[in-house]
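Q: The structure is given below, and queries will be raised subsequently.
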Amino acid sequence: MATTAETIGDVKNRVHLISREAAQAEIADGALLIDVREPHEWDEAHLAEAEHVPQDELLERIDELAPDPSRRLVLYCRTDNRSARAADALGSLGYDNVGVIEEGITGWIDAELPVVAKYALTRDQRMRYSRHTLLPEVGVEGQVKLLNAKVLLLGAGGLGAPSALYLAAAGIGTLGIVDDDVVDESNLQRQVIHSTKTVGQPKTASAKAAINALNPDVDVVEHNLRLDASNILELIERYDIVVDGADNFPTRYLLNDAAVRLRKPVVSASILGFEGQISTFIPFDGPCYRCLFPTPPPPELAPSCGANGVLGVMAGVMGLLQANEVIKLAAEIGEPLKGRLLLYESLSTRFTELKIRRDPDCPICGPAGEHIAAEDMGRFPDYELFCGAPAREPTPA
Amino acid sequence: MPTVKIPPVLRSKTGGEAEVASSGATVGEVLASLAEAHPDTREQLFGEDGELNRFVNVYLNDEDVRVLDGLDTAAGDSDTVVILPAMAGGH
């Protein structure tokens with residue numbers, strides 16, 4: 001009786017073993033690449049273009065995957081034994097245009113060719129993020145979580161600018177940026193992601209260029225638009241975490257209402273003068289923005305930076321505290337500012353922390369919030385009254 | 001006397017002071033004496049009904065007074081009353 005080793009040898013003689021280089025060329029040319037290993041092996045690392053079809057499902061599923069038996073197939077496994085057997089079995093089904101990658105994914109990784117993985121980095125990534133992966137709290141696992149994270153930045157202005165740069169540096173894989181504004185010279189006092197060269201350009205484009213110069217790993221998605229009730233749900237649904245750097249109250253309330261509904265955490269900060277505030281709102285776990293500020297202030301109590309001024313570094317301090325929160329959430333480490341409002345006063349360099357609690361009567365995250373229809377999102381009966389209502393006429397004497 | 005921390009937007013109404021010592025045994029009394037000494041703050045803090053405006057948060061040290069006893073919350077000499085309006089920044 002043939003021994004297993006001989007059988008493998010015979011099998012390998014019957015199938016077409018191909019080199020890694022040949023495999024790369026064929027993949028680029030449209031060959032169907034199939035990984036025949038077990039799910040846990042796939043999860044650890046696999047080739048980016050591969051379909052995952054474990055060995056024992058292959059014969060069953062092959063005609064759905066490749067209806068045309070003459071289609072070029074390329075198989076791989078850990079070394080090449082299983083894929084050789086699989087290729088052999090396919091041959092008896094009439095699939096005779098099958099290659100097997102010699103030395104499988106083991107040889108592939110040894111040759112430092114790229115793989116995608118739940119918990120593995122490419123060689124370039126290992127070098128780039130080494131200062132992160134050295135930290136036991138982060139490690140490769142944490143870095144991969146950052147690379148897999150999708151973060152939406154509301155605003156590429158004062159807060160968004162430093163935040164975007166450091167999130168990009170950290171390797172956040174997808175950064176969406178919402179801003180419909182163009183770069184102005186007065187922005188450059190604090191919006192460090194832009195430059196003199198990009199004055200006049202849309203902020204999203206200006207930010208994207210700076211981010212990709214810093215880290216090409218980051219996929220920047222430009223959303224050159226103003227958020228409103230008609231687009232917000234669809235937009236934030238695609239992301240894991242939202243960074244609120246909005247410049248007006250209606251947007252903050254709208255974001256809050258939508259984020260709570262879609263259960264997206266929001267890292268929210270604001271700056272003015274020499275002061276900053278920041279908190280992290282985790283829907284139904286901690287308070288929401290509306291628990292903290294049930295009613296927006298009248299205009300005279302909430303001047304804009306343009307009217308009041310703001311110390312440029314405030315944008316940096318608070319924007320980076322936001323980035324810090326995002327990284328903790330994405331890598332699942334540390335303790336976010338949930339239920340905590342952190343105040344920073346830069347003239348005295350003092351931090352103060354206030355406790356915020358869920359409001360049991362909150363119209364958004366309390367029981368009443370369940371009954372708000374999607375089309376009423378951000379549109380409270382008295383919403384217009386809240387935000388930007390015209391000043392009342394003085395009554396005649 | 002308890003100390004009241006004045007947010008930047010109100011400082012023009014307190015002669016530029018960021019911290020004001022104000023007498024009172026409760027948060028309500030402390031804010032009332034602040035409004036006595038600096039009448040321009042009254043309208044921002046209190047509604048016509050004498051209640052705290054909803055858009056102003058007030059903390060005794062680090063707790064929102066709404067989860068304590070509201071304006072009746074006791075305030076001692078070493079306590080700080082923090083007045084906090086929301087900020088939104090912007091151009």
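Just so we're on the same page: first chain in the structure tokens is A, next is B, and so on; residues restart at 1 for each chain, and ligands are numbered from 1 in the order they show up.
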Can you check which parts of chain B lie within 12 Å of chain A? Per residue, the shortest pair of atoms and distance in Å to one decimal, counting only C-alpha atoms, sorted by chain and number, as JSON lines.

A:
```
{"residue": "B:Lys5", "atom": "CA", "partner": "A:Thr352", "partner_atom": "CA", "distance": 11.2}
{"residue": "B:Ile6", "atom": "CA", "partner": "A:Glu275", "partner_atom": "CA", "distance": 11.9}
{"residue": "B:Pro7", "atom": "CA", "partner": "A:Glu275", "partner_atom": "CA", "distance": 8.9}
{"residue": "B:Pro8", "atom": "CA", "partner": "A:Gly273", "partner_atom": "CA", "distance": 7.7}
{"residue": "B:Val9", "atom": "CA", "partner": "A:Leu301", "partner_atom": "CA", "distance": 5.9}
{"residue": "B:Leu10", "atom": "CA", "partner": "A:Leu301", "partner_atom": "CA", "distance": 7.6}
{"residue": "B:Arg11", "atom": "CA", "partner": "A:Leu301", "partner_atom": "CA", "distance": 11.0}
{"residue": "B:Ser12", "atom": "CA", "partner": "A:Leu301", "partner_atom": "CA", "distance": 11.3}
{"residue": "B:Lys13", "atom": "CA", "partner": "A:Leu301", "partner_atom": "CA", "distance": 11.6}
{"residue": "B:Ala18", "atom": "CA", "partner": "A:Glu345", "partner_atom": "CA", "distance": 10.8}
{"residue": "B:Thr41", "atom": "CA", "partner": "A:Leu301", "partner_atom": "CA", "distance": 10.9}
{"residue": "B:Glu43", "atom": "CA", "partner": "A:Leu301", "partner_atom": "CA", "distance": 10.9}
{"residue": "B:Gln44", "atom": "CA", "partner": "A:Leu301", "partner_atom": "CA", "distance": 7.8}
{"residue": "B:Leu45", "atom": "CA", "partner": "A:Leu301", "partner_atom": "CA", "distance": 10.6}
{"residue": "B:Asn53", "atom": "CA", "partner": "A:Pro297", "partner_atom": "CA", "distance": 9.1}
{"residue": "B:Arg54", "atom": "CA", "partner": "A:Thr295", "partner_atom": "CA", "distance": 6.2}
{"residue": "B:Phe55", "atom": "CA", "partner": "A:Thr295", "partner_atom": "CA", "distance": 4.9}
{"residue": "B:Val56", "atom": "CA", "partner": "A:Pro297", "partner_atom": "CA", "distance": 7.3}
{"residue": "B:Asn57", "atom": "CA", "partner": "A:Phe293", "partner_atom": "CA", "distance": 7.6}
{"residue": "B:Val58", "atom": "CA", "partner": "A:Leu354", "partner_atom": "CA", "distance": 10.3}
{"residue": "B:Tyr59", "atom": "CA", "partner": "A:Leu354", "partner_atom": "CA", "distance": 7.7}
{"residue": "B:Leu60", "atom": "CA", "partner": "A:Leu354", "partner_atom": "CA", "distance": 9.3}
{"residue": "B:Asn61", "atom": "CA", "partner": "A:Leu354", "partner_atom": "CA", "distance": 7.7}
{"residue": "B:Asp62", "atom": "CA", "partner": "A:Leu354", "partner_atom": "CA", "distance": 4.3}
{"residue": "B:Glu63", "atom": "CA", "partner": "A:Lys355", "partner_atom": "CA", "distance": 5.6}
{"residue": "B:Asp64", "atom": "CA", "partner": "A:Lys355", "partner_atom": "CA", "distance": 7.1}
{"residue": "B:Val65", "atom": "CA", "partner": "A:Lys355", "partner_atom": "CA", "distance": 10.6}
{"residue": "B:Arg66", "atom": "CA", "partner": "A:Asp359", "partner_atom": "CA", "distance": 9.9}
{"residue": "B:Val67", "atom": "CA", "partner": "A:Arg357", "partner_atom": "CA", "distance": 8.5}
{"residue": "B:Leu68", "atom": "CA", "partner": "A:Arg357", "partner_atom": "CA", "distance": 11.8}
{"residue": "B:Thr80", "atom": "CA", "partner": "A:Thr352", "partner_atom": "CA", "distance": 11.5}
{"residue": "B:Val81", "atom": "CA", "partner": "A:Leu354", "partner_atom": "CA", "distance": 11.4}
{"residue": "B:Val82", "atom": "CA", "partner": "A:Leu354", "partner_atom": "CA", "distance": 9.3}
{"residue": "B:Ile83", "atom": "CA", "partner": "A:Leu354", "partner_atom": "CA", "distance": 11.2}
{"residue": "B:Leu84", "atom": "CA", "partner": "A:Phe293", "partner_atom": "CA", "distance": 9.7}
{"residue": "B:Pro85", "atom": "CA", "partner": "A:Pro297", "partner_atom": "CA", "distance": 6.8}
{"residue": "B:Ala86", "atom": "CA", "partner": "A:Pro297", "partner_atom": "CA", "distance": 6.7}
{"residue": "B:Met87", "atom": "CA", "partner": "A:Ala302", "partner_atom": "CA", "distance": 5.9}
{"residue": "B:Ala88", "atom": "CA", "partner": "A:Asn248", "partner_atom": "CA", "distance": 5.2}
{"residue": "B:Gly89", "atom": "CA", "partner": "A:Ser304", "partner_atom": "CA", "distance": 4.9}
{"residue": "B:Gly90", "atom": "CA", "partner": "A:Asp247", "partner_atom": "CA", "distance": 3.8}
{"residue": "B:His91", "atom": "CA", "partner": "A:Gly306", "partner_atom": "CA", "distance": 4.3}
```

Q: Mind listing the strand (DSSP E or B) residues of region 139-370 of chain A, per DSSP on the backbone, as JSON, numbers by chain?

A: {"A": [150, 151, 152, 153, 154, 174, 175, 176, 177, 178, 182, 202, 219, 220, 221, 222, 223, 241, 242, 243, 244, 266, 267, 268, 269, 270, 271, 272, 273, 275, 276, 277, 278, 279, 280, 281, 310, 338, 340, 341, 342, 343, 344, 345, 350, 351, 352, 353, 354, 355]}

Q: One decimal, Å: what's the distance from CA of Pro367 (chain A) over to CA of Ala229 (chain A), could you say?

A: 21.6 Å

Q: Which residues of region 90-158 of chain A have any atom within 9 Å of an atom in region 10-21 of chain A when counting only C-alpha atoms, and what is the closest pair of atoms for each, with the distance in Å to one decimal? Order the rows by chain and rising number and write it as a tab-separated table.

A:
```
residue	atom	partner	partner_atom	distance
A:Gly91	CA	A:Val15	CA	8.4
A:Asp96	CA	A:Val15	CA	8.9
A:Asn97	CA	A:His16	CA	8.8
A:Val98	CA	A:His16	CA	6.8
A:Gly99	CA	A:His16	CA	5.0
A:Val100	CA	A:Leu17	CA	4.7
A:Ile101	CA	A:Ile18	CA	5.2
A:Glu102	CA	A:Leu17	CA	5.5
A:Glu103	CA	A:Ser19	CA	8.6
A:Gly104	CA	A:Arg20	CA	8.5
A:Gly107	CA	A:Arg20	CA	8.4
A:Trp108	CA	A:Arg20	CA	7.0
```

Q: Using only N, CA and C atoms, please write the residues we just selected to a file, as a PDB file, in the first residue's frame.

A:
```
ATOM      1  N   GLY A  91      -8.809  18.040 -10.783  1.00  0.00           N
ATOM      2  CA  GLY A  91      -8.487  17.473 -12.093  1.00  0.00           C
ATOM      3  C   GLY A  91      -9.480  16.394 -12.501  1.00  0.00           C
ATOM      4  N   ASP A  96      -8.670  21.195 -15.376  1.00  0.00           N
ATOM      5  CA  ASP A  96      -7.275  20.851 -15.573  1.00  0.00           C
ATOM      6  C   ASP A  96      -6.393  22.053 -15.829  1.00  0.00           C
ATOM      7  N   ASN A  97      -6.885  23.237 -15.486  1.00  0.00           N
ATOM      8  CA  ASN A  97      -6.049  24.426 -15.629  1.00  0.00           C
ATOM      9  C   ASN A  97      -5.786  25.020 -14.252  1.00  0.00           C
ATOM     10  N   VAL A  98      -5.122  24.175 -13.411  1.00  0.00           N
ATOM     11  CA  VAL A  98      -4.962  24.539 -11.999  1.00  0.00           C
ATOM     12  C   VAL A  98      -3.498  24.576 -11.628  1.00  0.00           C
ATOM     13  N   GLY A  99      -3.064  25.662 -10.979  1.00  0.00           N
ATOM     14  CA  GLY A  99      -1.696  25.746 -10.482  1.00  0.00           C
ATOM     15  C   GLY A  99      -1.692  25.722  -8.966  1.00  0.00           C
ATOM     16  N   VAL A 100      -0.598  25.278  -8.380  1.00  0.00           N
ATOM     17  CA  VAL A 100      -0.464  25.225  -6.923  1.00  0.00           C
ATOM     18  C   VAL A 100       0.770  26.030  -6.533  1.00  0.00           C
ATOM     19  N   ILE A 101       0.609  26.980  -5.650  1.00  0.00           N
ATOM     20  CA  ILE A 101       1.760  27.821  -5.287  1.00  0.00           C
ATOM     21  C   ILE A 101       2.733  27.004  -4.445  1.00  0.00           C
ATOM     22  N   GLU A 102       3.945  26.867  -4.966  1.00  0.00           N
ATOM     23  CA  GLU A 102       4.967  26.087  -4.268  1.00  0.00           C
ATOM     24  C   GLU A 102       5.298  26.725  -2.920  1.00  0.00           C
ATOM     25  N   GLU A 103       5.314  25.914  -1.885  1.00  0.00           N
ATOM     26  CA  GLU A 103       5.640  26.351  -0.505  1.00  0.00           C
ATOM     27  C   GLU A 103       4.549  27.202   0.130  1.00  0.00           C
ATOM     28  N   GLY A 104       3.442  27.334  -0.570  1.00  0.00           N
ATOM     29  CA  GLY A 104       2.258  27.977   0.024  1.00  0.00           C
ATOM     30  C   GLY A 104       2.499  29.328   0.674  1.00  0.00           C
ATOM     31  N   GLY A 107       6.022  29.972   2.454  1.00  0.00           N
ATOM     32  CA  GLY A 107       7.083  30.496   1.601  1.00  0.00           C
ATOM     33  C   GLY A 107       6.816  31.939   1.215  1.00  0.00           C
ATOM     34  N   TRP A 108       5.552  32.256   1.015  1.00  0.00           N
ATOM     35  CA  TRP A 108       5.140  33.609   0.618  1.00  0.00           C
ATOM     36  C   TRP A 108       5.563  34.626   1.677  1.00  0.00           C
TER      37      TRP A 108
END
```

Q: Could you name the residues that touch Leu214 (chain A) at 8 Å or less, counting only C-alpha atoms, but leaving out those on the same chain fewer than 4 positions away, as a compact mmCIF listing (two decimals) with C-alpha atoms, in the first residue's frame?

A:
```txt
# COMPACT_ATOMS: atom_id res chain seq x y z
CA LEU A 165 -2.61 64.13 11.11
CA ALA A 168 -3.10 59.13 9.97
CA ALA A 169 0.27 58.75 11.63
CA ALA A 210 -1.16 66.01 3.63
```

Q: One decimal, Å: what's the distance from CA of Tyr253 (chain A) over to CA of Phe281 (chain A), could you say?

A: 12.3 Å

Q: Tell me which protein, DNA and RNA residues are within 9 Å of Arg226 (chain A), counting only C-alpha atoms, leaving out same-chain ones fewer than 6 positions away, and put them as a PyMOL selection string.

A: chain A and resi 178-181

Q: Print the selection's residues with C-alpha atoms to a file, as an mmCIF file, in the first residue's frame.

A:
```cif
data_model
loop_
_atom_site.group_PDB
_atom_site.id
_atom_site.type_symbol
_atom_site.label_atom_id
_atom_site.label_comp_id
_atom_site.auth_asym_id
_atom_site.auth_seq_id
_atom_site.Cartn_x
_atom_site.Cartn_y
_atom_site.Cartn_z
ATOM 1 C CA VAL A 178 -16.563 66.029 6.007
ATOM 2 C CA ASP A 179 -15.990 69.661 5.095
ATOM 3 C CA ASP A 180 -17.462 71.904 2.423
ATOM 4 C CA ASP A 181 -15.105 74.795 3.058
#
```

Q: Assign secondary structure with DSSP using the backbone only, and return the residues of chain B in alpha helix (DSSP H) as an mmCIF file with N, CA and C atoms, in the first residue's frame.

A:
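Once written, result28.cif looks like this:
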```
data_model
loop_
_atom_site.group_PDB
_atom_site.id
_atom_site.type_symbol
_atom_site.label_atom_id
_atom_site.label_comp_id
_atom_site.auth_asym_id
_atom_site.auth_seq_id
_atom_site.Cartn_x
_atom_site.Cartn_y
_atom_site.Cartn_z
ATOM 1 N N PRO B 8 -15.398 82.110 30.133
ATOM 2 C CA PRO B 8 -14.902 83.262 29.379
ATOM 3 C C PRO B 8 -16.011 84.169 28.850
ATOM 4 N N VAL B 9 -17.114 83.552 28.379
ATOM 5 C CA VAL B 9 -18.156 84.383 27.766
ATOM 6 C C VAL B 9 -18.842 85.294 28.785
ATOM 7 N N LEU B 10 -18.694 84.991 30.067
ATOM 8 C CA LEU B 10 -19.322 85.845 31.075
ATOM 9 C C LEU B 10 -18.339 86.806 31.738
ATOM 10 N N ARG B 11 -17.056 86.648 31.434
ATOM 11 C CA ARG B 11 -16.070 87.434 32.179
ATOM 12 C C ARG B 11 -16.174 88.935 31.948
ATOM 13 N N VAL B 27 -25.999 76.717 46.459
ATOM 14 C CA VAL B 27 -25.595 77.123 45.107
ATOM 15 C C VAL B 27 -26.460 78.286 44.643
ATOM 16 N N GLY B 28 -27.753 78.201 44.908
ATOM 17 C CA GLY B 28 -28.670 79.269 44.520
ATOM 18 C C GLY B 28 -28.280 80.592 45.143
ATOM 19 N N GLU B 29 -27.950 80.551 46.441
ATOM 20 C CA GLU B 29 -27.568 81.797 47.143
ATOM 21 C C GLU B 29 -26.261 82.336 46.584
ATOM 22 N N VAL B 30 -25.344 81.451 46.322
ATOM 23 C CA VAL B 30 -24.046 81.872 45.785
ATOM 24 C C VAL B 30 -24.228 82.564 44.438
ATOM 25 N N LEU B 31 -25.039 81.964 43.574
ATOM 26 C CA LEU B 31 -25.245 82.577 42.259
ATOM 27 C C LEU B 31 -26.034 83.876 42.392
ATOM 28 N N ALA B 32 -26.952 83.911 43.325
ATOM 29 C CA ALA B 32 -27.732 85.148 43.534
ATOM 30 C C ALA B 32 -26.811 86.272 43.982
ATOM 31 N N SER B 33 -25.870 85.972 44.868
ATOM 32 C CA SER B 33 -24.981 87.052 45.306
ATOM 33 C C SER B 33 -24.011 87.443 44.212
ATOM 34 N N LEU B 34 -23.694 86.505 43.336
ATOM 35 C CA LEU B 34 -22.887 86.846 42.166
ATOM 36 C C LEU B 34 -23.655 87.827 41.290
ATOM 37 N N ALA B 35 -24.939 87.510 41.080
ATOM 38 C CA ALA B 35 -25.765 88.364 40.231
ATOM 39 C C ALA B 35 -25.994 89.724 40.876
ATOM 40 N N GLU B 36 -26.027 89.777 42.215
ATOM 41 C CA GLU B 36 -26.098 91.065 42.948
ATOM 42 C C GLU B 36 -24.886 91.907 42.638
ATOM 43 N N ALA B 37 -23.719 91.278 42.789
ATOM 44 C CA ALA B 37 -22.465 92.015 42.624
ATOM 45 C C ALA B 37 -22.204 92.368 41.169
ATOM 46 N N ARG B 42 -27.022 88.326 35.606
ATOM 47 C CA ARG B 42 -28.307 87.758 36.031
ATOM 48 C C ARG B 42 -29.087 87.134 34.875
ATOM 49 N N GLU B 43 -29.179 87.896 33.791
ATOM 50 C CA GLU B 43 -29.991 87.459 32.647
ATOM 51 C C GLU B 43 -29.452 86.158 32.038
ATOM 52 N N GLN B 44 -28.124 86.007 32.078
ATOM 53 C CA GLN B 44 -27.538 84.802 31.495
ATOM 54 C C GLN B 44 -27.777 83.586 32.384
ATOM 55 N N LEU B 45 -27.819 83.828 33.684
ATOM 56 C CA LEU B 45 -27.933 82.714 34.617
ATOM 57 C C LEU B 45 -29.380 82.314 34.895
#
```

Q: Write out as a list in words the residues lying within 9 Å of Ala48 (chain A), counting only C-alpha atoms and excluding same-chain residues fewer than 4 positions away.

A: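 Counting only C-alpha atoms, the residues come to Pro114, Val115, Val116 and Ala117 of chain A.
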
Q: For those residues, write N, CA and C atoms to a file as a short mmCIF file (atom, residue, chain, number, x, y, z; two decimals), in the first residue's frame.

A:
```cif
data_model
loop_
_atom_site.label_atom_id
_atom_site.label_comp_id
_atom_site.auth_asym_id
_atom_site.auth_seq_id
_atom_site.Cartn_x
_atom_site.Cartn_y
_atom_site.Cartn_z
N PRO A 114 3.40 40.46 0.36
CA PRO A 114 2.32 40.97 1.20
C PRO A 114 1.20 39.96 1.48
N VAL A 115 0.73 40.00 2.71
CA VAL A 115 -0.47 39.24 3.07
C VAL A 115 -1.38 40.18 3.84
N VAL A 116 -2.65 39.83 3.91
CA VAL A 116 -3.55 40.57 4.80
C VAL A 116 -3.90 39.65 5.95
N ALA A 117 -4.10 40.26 7.10
CA ALA A 117 -4.26 39.40 8.26
C ALA A 117 -5.07 40.11 9.31
#
```
